[in-house]
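Asker: What follows is data-v1.txt, compact mmCIF, C-alpha atoms and all ligand atoms.
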# COMPACT_ATOMS: atom_id res chain seq x y z
CA MET A 1 10.89 -7.48 -5.61
CA TYR A 2 12.99 -5.92 -2.85
CA ILE A 3 10.79 -4.69 0.01
CA LEU A 4 12.17 -2.84 2.99
CA PHE A 5 10.48 -2.88 6.41
CA GLU A 6 11.33 0.03 8.66
CA GLY A 7 10.35 1.40 12.03
CA ILE A 8 11.78 1.69 15.53
CA ASP A 9 12.08 -1.21 17.99
CA GLY A 10 8.79 -2.79 19.01
CA CYS A 11 6.72 -1.49 16.09
CA GLY A 12 6.02 -5.01 14.75
CA LYS A 13 8.42 -5.52 11.82
CA SER A 14 9.61 -9.02 12.76
CA THR A 15 6.06 -10.16 13.58
CA GLN A 16 4.81 -9.14 10.13
CA ILE A 17 7.83 -10.44 8.22
CA GLU A 18 7.40 -13.83 9.88
CA LEU A 19 3.75 -13.91 8.72
CA LEU A 20 4.58 -12.75 5.18
CA LYS A 21 7.56 -15.03 4.64
CA SER A 22 5.62 -18.13 3.61
CA HIS A 23 2.87 -16.15 1.87
CA PHE A 24 5.38 -14.74 -0.61
CA ASN A 25 7.87 -17.60 -0.46
CA ALA A 26 10.32 -14.83 0.32
CA VAL A 27 13.98 -14.46 1.09
CA VAL A 28 14.16 -12.81 4.49
CA THR A 29 17.14 -10.77 5.59
CA LYS A 30 17.97 -8.07 8.09
CA GLU A 31 20.37 -5.23 8.59
CA PRO A 32 22.89 -5.26 10.03
CA GLY A 33 23.30 -8.45 8.06
CA GLY A 34 25.57 -11.37 8.65
CA THR A 35 28.07 -11.26 5.81
CA LYS A 36 31.66 -12.18 6.66
CA LEU A 37 32.78 -8.59 6.22
CA GLY A 38 29.71 -7.38 8.15
CA VAL A 39 30.61 -9.49 11.18
CA LYS A 40 34.12 -8.00 11.21
CA LEU A 41 32.78 -4.48 10.75
CA ARG A 42 30.33 -4.90 13.65
CA GLU A 43 33.22 -6.08 15.79
CA ILE A 44 35.14 -2.91 14.93
CA LEU A 45 32.11 -0.68 15.51
CA LEU A 46 31.33 -2.24 18.88
CA HIS A 47 34.79 -2.72 20.32
CA SER A 48 37.28 -0.45 18.62
CA ASP A 49 36.14 2.86 20.06
CA VAL A 50 35.81 4.62 16.70
CA LYS A 51 36.39 8.34 17.34
CA SER A 52 35.39 9.87 14.01
CA LYS A 53 31.65 9.93 13.29
CA GLU A 54 32.57 10.08 9.60
CA ALA A 55 34.57 6.86 9.99
CA GLU A 56 31.63 5.28 11.83
CA LEU A 57 29.23 6.25 9.05
CA LEU A 58 31.53 4.83 6.38
CA LEU A 59 31.88 1.54 8.26
CA PHE A 60 28.09 1.21 8.39
CA LEU A 61 27.94 2.00 4.69
CA ALA A 62 30.60 -0.62 3.92
CA ASP A 63 28.46 -3.17 5.77
CA ARG A 64 25.41 -2.11 3.75
CA ALA A 65 27.28 -2.31 0.44
CA GLU A 66 28.52 -5.83 1.20
CA HIS A 67 25.05 -6.95 2.33
CA PHE A 68 23.66 -5.62 -0.95
CA LYS A 69 26.22 -7.52 -3.06
CA GLU A 70 26.01 -10.76 -1.08
CA VAL A 71 22.31 -11.00 -0.17
CA ILE A 72 20.12 -8.54 -2.07
CA GLU A 73 21.53 -8.52 -5.59
CA PRO A 74 21.64 -12.32 -6.09
CA ASN A 75 17.96 -12.57 -5.07
CA LEU A 76 16.40 -9.66 -6.92
CA ASP A 77 14.26 -12.06 -8.98
CA LYS A 78 12.52 -13.22 -5.77
CA TYR A 79 10.57 -11.47 -3.03
CA ILE A 80 13.13 -10.10 -0.57
CA LEU A 81 11.82 -8.89 2.79
CA SER A 82 14.46 -6.88 4.63
CA ASP A 83 14.06 -6.17 8.34
CA ARG A 84 15.53 -2.64 8.45
CA GLY A 85 17.98 -1.16 5.97
CA PHE A 86 19.22 2.13 4.61
CA ILE A 87 16.31 4.21 5.92
CA SER A 88 17.27 3.34 9.50
CA GLY A 89 20.87 4.07 8.59
CA ILE A 90 19.98 7.53 7.30
CA ALA A 91 17.63 8.27 10.22
CA TYR A 92 20.33 7.53 12.81
CA ALA A 93 23.03 9.43 10.89
CA MET A 94 20.71 12.47 10.59
CA SER A 95 20.52 12.63 14.38
CA GLY A 96 24.33 12.75 14.29
CA GLY A 97 24.06 15.98 12.29
CA PHE A 98 24.62 14.76 8.73
CA ASP A 99 22.58 16.22 5.89
CA MET A 100 19.71 14.04 4.66
CA ASN A 101 20.28 14.57 0.95
CA PHE A 102 23.97 13.82 1.27
CA LEU A 103 23.15 10.65 3.23
CA ILE A 104 20.67 9.56 0.57
CA GLU A 105 23.37 9.93 -2.11
CA LEU A 106 25.91 7.97 -0.04
CA ASN A 107 23.38 5.18 0.45
CA ARG A 108 22.48 5.15 -3.23
CA PHE A 109 26.17 4.57 -3.91
CA ALA A 110 26.36 1.76 -1.30
CA LEU A 111 23.32 0.11 -2.90
CA SER A 112 24.76 0.39 -6.43
CA GLY A 113 21.82 2.64 -7.28
CA ILE A 114 19.28 -0.13 -6.67
CA MET A 115 16.82 1.05 -4.07
CA PRO A 116 14.03 -1.13 -2.64
CA GLN A 117 10.93 -1.13 -4.86
CA LYS A 118 8.60 -0.77 -1.90
CA VAL A 119 8.91 0.41 1.68
CA VAL A 120 6.69 -0.51 4.62
CA LEU A 121 7.19 2.02 7.41
CA PHE A 122 5.58 1.39 10.80
CA THR A 123 4.74 4.34 13.04
CA ILE A 124 4.13 3.90 16.74
CA THR A 125 3.40 6.20 19.67
CA LYS A 126 5.96 6.58 22.41
CA GLU A 127 3.58 5.02 24.97
CA GLU A 128 2.96 1.94 22.82
CA ALA A 129 6.67 1.55 22.04
CA ILE A 130 7.52 1.58 25.75
CA LYS A 131 4.78 -0.97 26.48
CA ARG A 132 5.93 -3.38 23.72
CA VAL A 133 9.61 -3.23 24.53
CA HIS A 134 8.75 -3.73 28.20
CA THR A 135 6.75 -6.84 27.32
CA ARG A 136 9.79 -8.24 25.57
CA GLY A 137 11.90 -7.64 28.67
CA GLU A 138 14.32 -5.39 26.80
CA LEU A 139 13.44 -2.14 28.51
CA ASP A 140 16.86 -1.62 30.10
CA LYS A 141 18.61 -1.86 26.75
CA ILE A 142 16.43 0.84 25.16
CA GLU A 143 15.93 3.06 28.18
CA SER A 144 19.57 4.00 28.22
CA ARG A 145 19.17 5.72 24.84
CA GLY A 146 15.74 7.11 25.63
CA PHE A 147 12.41 6.80 23.93
CA ASP A 148 12.43 10.50 22.99
CA TYR A 149 15.48 9.75 20.91
CA LEU A 150 13.65 6.87 19.21
CA MET A 151 10.73 9.16 18.43
CA GLN A 152 13.20 11.54 16.79
CA ILE A 153 14.54 8.63 14.74
CA GLN A 154 10.97 7.78 13.70
CA ASP A 155 10.42 11.41 12.58
CA ASN A 156 13.62 11.22 10.56
CA MET A 157 12.43 8.01 8.87
CA LEU A 158 9.19 9.77 7.89
CA LYS A 159 11.19 12.68 6.44
CA VAL A 160 13.34 10.28 4.40
CA VAL A 161 10.43 8.36 2.85
CA ASP A 162 8.69 11.64 2.17
CA HIS A 163 11.72 12.71 0.16
CA LEU A 164 12.38 9.45 -1.70
CA GLU A 165 10.35 8.47 -4.70
CA ILE A 166 9.67 4.93 -3.50
CA GLU A 167 6.18 3.52 -3.14
CA THR A 168 5.62 3.54 0.62
CA LEU A 169 2.98 2.12 2.95
CA ILE A 170 2.83 3.91 6.30
CA VAL A 171 1.46 1.44 8.85
CA ASP A 172 -0.27 2.52 12.03
CA ALA A 173 1.34 0.04 14.43
CA SER A 174 -1.58 0.25 16.86
CA LYS A 175 -3.81 -1.73 14.51
CA SER A 176 -4.19 -5.47 15.05
CA ILE A 177 -1.57 -7.89 13.72
CA GLU A 178 -4.17 -9.40 11.33
CA GLU A 179 -5.30 -6.02 9.98
CA ILE A 180 -1.73 -4.88 9.35
CA ASN A 181 -0.96 -8.19 7.67
CA LYS A 182 -3.85 -7.69 5.22
CA GLU A 183 -2.78 -4.11 4.49
CA ILE A 184 0.76 -5.22 3.67
CA ILE A 185 -0.35 -8.14 1.48
CA ASN A 186 -2.56 -5.74 -0.51
CA PHE A 187 0.29 -3.26 -0.80
CA ILE A 188 2.86 -5.81 -1.98
CA GLY A 189 0.42 -7.52 -4.27
CA GLU A 190 -0.51 -4.34 -6.18
P1 LIG B 201 10.11 -5.17 15.87
O1 LIG B 201 10.64 -6.35 15.11
O2 LIG B 201 9.68 -4.05 14.99
O3 LIG B 201 11.04 -4.69 16.96
P2 LIG B 201 8.23 -7.11 16.93
O4 LIG B 201 7.60 -7.69 15.73
O5 LIG B 201 9.31 -7.90 17.59
O6 LIG B 201 8.77 -5.64 16.63
O7 LIG B 201 7.06 -6.78 17.97
C1 LIG B 201 7.32 -6.23 19.26
C2 LIG B 201 6.29 -6.74 20.26
O8 LIG B 201 5.00 -6.23 19.93
C3 LIG B 201 6.13 -8.26 20.27
O9 LIG B 201 5.90 -8.67 21.60
C4 LIG B 201 4.93 -8.52 19.38
O10 LIG B 201 4.26 -9.70 19.73
C5 LIG B 201 4.08 -7.29 19.64
N1 LIG B 201 3.27 -6.87 18.49
C6 LIG B 201 3.64 -6.87 17.17
N2 LIG B 201 2.66 -6.37 16.39
C7 LIG B 201 1.66 -6.02 17.22
C8 LIG B 201 0.34 -5.42 17.01
N3 LIG B 201 -0.08 -5.08 15.80
N4 LIG B 201 -0.41 -5.22 18.10
C9 LIG B 201 0.02 -5.54 19.34
N5 LIG B 201 1.23 -6.10 19.61
C10 LIG B 201 2.05 -6.34 18.57
MG MG B 202 12.55 -7.18 15.13
Is it possible to give me this structure as structure tokens?
Ligand code: ADP
Ligand code: MG

Answerer:
Amino acid sequence: MYILFEGIDGCGKSTQIELLKSHFNAVVTKEPGGTKLGVKLREILLHSDVKSKEAELLLFLADRAEHFKEVIEPNLDKYILSDRGFISGIAYAMSGGFDMNFLIELNRFALSGIMPQKVVLFTITKEEAIKRVHTRGELDKIESRGFDYLMQIQDNMLKVVDHLEIETLIVDASKSIEEINKEIINFIGE
């Protein structure tokens, strides 16, 4: 079962995946992933000053398609817990002005039509997100893009899951780590 964990920085994805990993004897992966092609694509995206936002989107999609072929597809008979994935991809591209339905179709193509079976989407308030990222000492990195922007990305993620017909658990990130862990185990175990 392919399960996708989504939510902005600091919402608790990695914490929960770490707890769930042994419980489900799961294959854990993240996007952007670390395929050979993916590493080269990241290099291009970070250092080649890509001018066209269409080109940028297609490079991200190429990375996703390769990650699907190399990591997801060979493990579909196991529990796969993915730390971010196409929902983040769509949410960021929407803020670049692309149409959501078009983005969903492009991502369906990149994923060979095989969408995650379940999605766990964390929602967090702006205040809590700032506090958590600050605790991790990564505030400078995020502040440059702005937390308002991240809240917009979170809204986009909610719109995407609302539109997709994938079983989704919306997690209130302000709950305790233990409580959230129980909720997710129940949800996956259904
Ligand atoms: P993400 O992977 O989504 O960016 P993390 O799992 O790294 O988020 O968590 C970000 C920070 O918040 C970490 O310092 C973590 O210990 C803390 N944290 C995670 N879940 C909770 C929670 N439910 N309540 C309070 N703090 C949390
Ligand atoms: Mg993380």

Asker: Would you mind listing what lies within 10 Å of Asp172 of chain A as JSON, numbers by chain, with only C-alpha atoms counted and same-chain residues fewer than 6 positions away left out?

Answerer: {"A": [11, 121, 122, 123, 124, 125, 180]}

Asker: Calculate how many Å separate atom CA of Gly10 of chain A from atom CA of Thr35 of chain A, rounding to one decimal.

Answerer: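 Atom CA of Thr35 of chain A lies 24.9 Å from atom CA of Gly10 of chain A.
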
Asker: Tell me which of A:Lys126, A:Arg132, A:Arg108, A:His67 sits closest to Ile90 of chain A, counting only C-alpha atoms.

Answerer: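 Answer, going by the shortest atom-to-atom distance: A:Arg108.
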
Asker: Collect all residues with atoms no farther than 8 Å from ligand MG 202 (chain B), counting all atoms listed in the file, and output them as a PyMOL selection string.

Answerer: chain A and resi 9-10+12-15+83

Asker: Would you save the residues of that selection, restricted to C-alpha atoms, as a compact mmCIF listing (two decimals), keeping the file's coordinate frame?

Answerer:
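To be explicit, this is the file written out as selection.txt:
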# COMPACT_ATOMS: atom_id res chain seq x y z
CA ASP A 9 12.08 -1.21 17.99
CA GLY A 10 8.79 -2.79 19.01
CA GLY A 12 6.02 -5.01 14.75
CA LYS A 13 8.42 -5.52 11.82
CA SER A 14 9.61 -9.02 12.76
CA THR A 15 6.06 -10.16 13.58
CA ASP A 83 14.06 -6.17 8.34

Asker: Figure out the distance between atom O2 of ligand LIG 201 (chain B) and atom CA of Lys78 of chain A, please, to one decimal in Å.

Answerer: 22.9 Å

Asker: Can you tell me which residues surround Thr168 of chain A at a distance of at most 6 Å, considering all atoms listed in the file, apart from same-chain residues fewer than 2 positions away, and format the answer as a list of chain:residue names?

Answerer: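 My reading of the contact set: A:Lys118, A:Val119, A:Val120, A:Ile166.
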
Asker: Have a look at A:Val171, A:Leu19, A:Val161, A:Ile153 and name the one nearest to Gly96 of chain A; count all atoms listed in the file.

Answerer: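 Going through A:Val171, A:Leu19, A:Val161, A:Ile153 one by one, the smallest distance to Gly96 of chain A is for A:Ile153.
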
Asker: Check the smallest atom-to-atom distance from each of A:Ile170, A:Ile188, A:Ala91, A:Ile130 to ligand LIG 201 (chain B) using all atoms listed in the file, then report the winner.

Answerer: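 Checking each candidate against ligand LIG 201 (chain B), we get A:Ile130 as the closest.
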
Asker: Rank nothing, just name the residue among A:Ala65, A:Leu41, A:Ile3, A:Ile17 nearest to ligand LIG 201 (chain B), using only C-alpha atoms and all ligand atoms.

Answerer: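 Of the candidates, the smallest distance to ligand LIG 201 (chain B) is held by A:Ile17.
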
Asker: Quick one, how far is atom C3 of ligand LIG 201 (chain B) from atom CA of Glu167 of chain A?

Answerer: 26.2 Å

Asker: Hey, which of A:Leu81, A:Val50, A:Leu164, A:Ala62 ends up closest to Ser22 of chain A? Count all atoms listed in the file.

Answerer: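 For Ser22 of chain A, the nearest of the candidates is A:Leu81.
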
Asker: Restricting the calculation to all atoms listed in the file, which member of A:Leu59, A:Leu37, A:Ile8, A:Leu103 is positioned closest to ligand LIG 201 (chain B)?

Answerer: A:Ile8

Asker: Considering all atoms listed in the file, return as a list of chain:residue names whatever protein or nucleic-acid residues lie within 10 Å of Glu178 of chain A, sequence-local ones (same chain, fewer than 4 positions apart) excluded.

Answerer: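 Non-adjacent residues within range: A:Gln16, A:Leu19, A:Lys182, A:Glu183.
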
Asker: Leaving out Leu20 of chain A and any residue of its chain fewer than 6 positions from it, which residues lie within 9 Å of it when counting only C-alpha atoms, given as an MDAnalysis selection string?

Answerer: chainID A and resid 26 81 181 184:185

Asker: For segment 45-47 of chain A, please output as a PyMOL selection string all residues within 10 Å (counting only C-alpha atoms; exclusion window: fewer than 4 positions along the same chain).

Answerer: chain A and resi 39-41+55-57+59-60
